[in-house]
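S.K.: Please find one structure pasted underneath; my questions will follow.
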Amino acid sequence: CGGIYISGGSYETLEPARNLVRECDVHHYARMCRTYTPALRWTGVGHVVQNNRFHSAPHAGVIGKGNDCNFTGNLFADLGWECSDSGAWYTGFSMIRRGHLVANNTFQRIHNIDPPSLGVGFPHVMSLYVDDLAGGV
């Protein structure tokens, strides 16, 4: 259902994995599982995600947790149609996961298509969503 999954590095020593995702075009994913199946799911330390296109899906483009990752020059477009309380780029899960660089990315048409029908809760979708006491982005 989702796209790319990367993991690696050491939480204990903050040794980077140095995984690289560059110049990929990931789109029209999450067809069966509509939420939490992003274009890129990541966990770990020291990943580099550059100059990619994540677009055309009902939920997030990137979801993950970790430390010291670099997300630069990516395009996020047409995401979040069928969700609320979410973002095109999402991290959370722990206050000790921090140190990310998120810079020079472009966000276009990040919104849900019918917020009132989604019921109670937070009816918005953001470009960047730093949740659950995560920080250092």
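Just remember, in the structure tokens the first chain shown is A, the second B, etc., residues are 1-based per chain, and ligands are 1-based in the order shown.
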Report as number ranges by chain all protein, DNA and RNA residues lying within 7 Å of stretch 123-129 of chain A, evaluated on only C-alpha atoms, omitting residues in the same chain fewer than 2 positions from it.

M.R.: A: 80, 84-91, 107, 110-112, 115, 121, 131

S.K.: Tell me, which residues of chain A carry DSSP strand (DSSP E), written as a ChimeraX atom specification?

M.R.: /A:4-8,20-22,25-27,40-45,48-50,53-57,62-67,70-72,75-79,86-91,101-103,106-110,125-130

S.K.: Give me the residues near A:His100 as an MDAnalysis selection string, where near means some atom within 12 Å (using only C-alpha atoms) and where sequence neighbours in that chain fewer than 2 positions away do not count.

M.R.: chainID A and resid 44:49 64:72 89:92 96:98 102:103 130 134:137

S.K.: Find the residues around A:Thr106 up to 8 Å (only C-alpha atoms counted), leave out those fewer than 2 positions away in its own chain, and share them as an NGL selection string.

M.R.: :A and (73-76 or 104 or 108)

S.K.: How would the residues just chosen look if you wrote them out with C-alpha atoms as a CSV table (one decimal), in the first residue's frame?

M.R.:
```csv
chain,number,residue,atom,x,y,z
A,73,GLY,CA,14.2,20.2,-1.7
A,74,ASN,CA,11.2,17.9,-1.8
A,75,LEU,CA,7.8,18.6,-3.3
A,76,PHE,CA,4.7,17.6,-1.3
A,104,ASN,CA,13.5,24.3,1.1
A,108,GLN,CA,1.1,22.6,-2.6
```

S.K.: Using Å and a single decimal, report how far atom CA of A:Leu101 sits from atom CA of A:Gly9.

M.R.: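 It comes out at 16.6 Å.
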
S.K.: Could you list, as a ChimeraX atom specification, every residue within 10 Å of A:Pro38, counting only C-alpha atoms and ignoring same-chain residues fewer than 4 positions away?

M.R.: /A:1-5,26-27,29-30,33-34,42,54-55,57-64,88-90

S.K.: Restricting the calculation to only C-alpha atoms, which member of A:Tyr36, A:Arg22, A:Ala77, A:Ser10 is positioned closest to A:Ser56?

M.R.: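 Closest residue, counting only C-alpha atoms: A:Ala77.
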
S.K.: Just give me the gap between atom CA of A:Arg53 and atom CA of A:Ala39 in Å, one decimal is fine.

M.R.: 9.3 Å

S.K.: Report, in Å to a single decimal, how far apart atom CA of A:Thr43 and atom CA of A:Asp25 are.

M.R.: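 Separating atom CA of A:Asp25 from atom CA of A:Thr43 is a distance of 20.2 Å.
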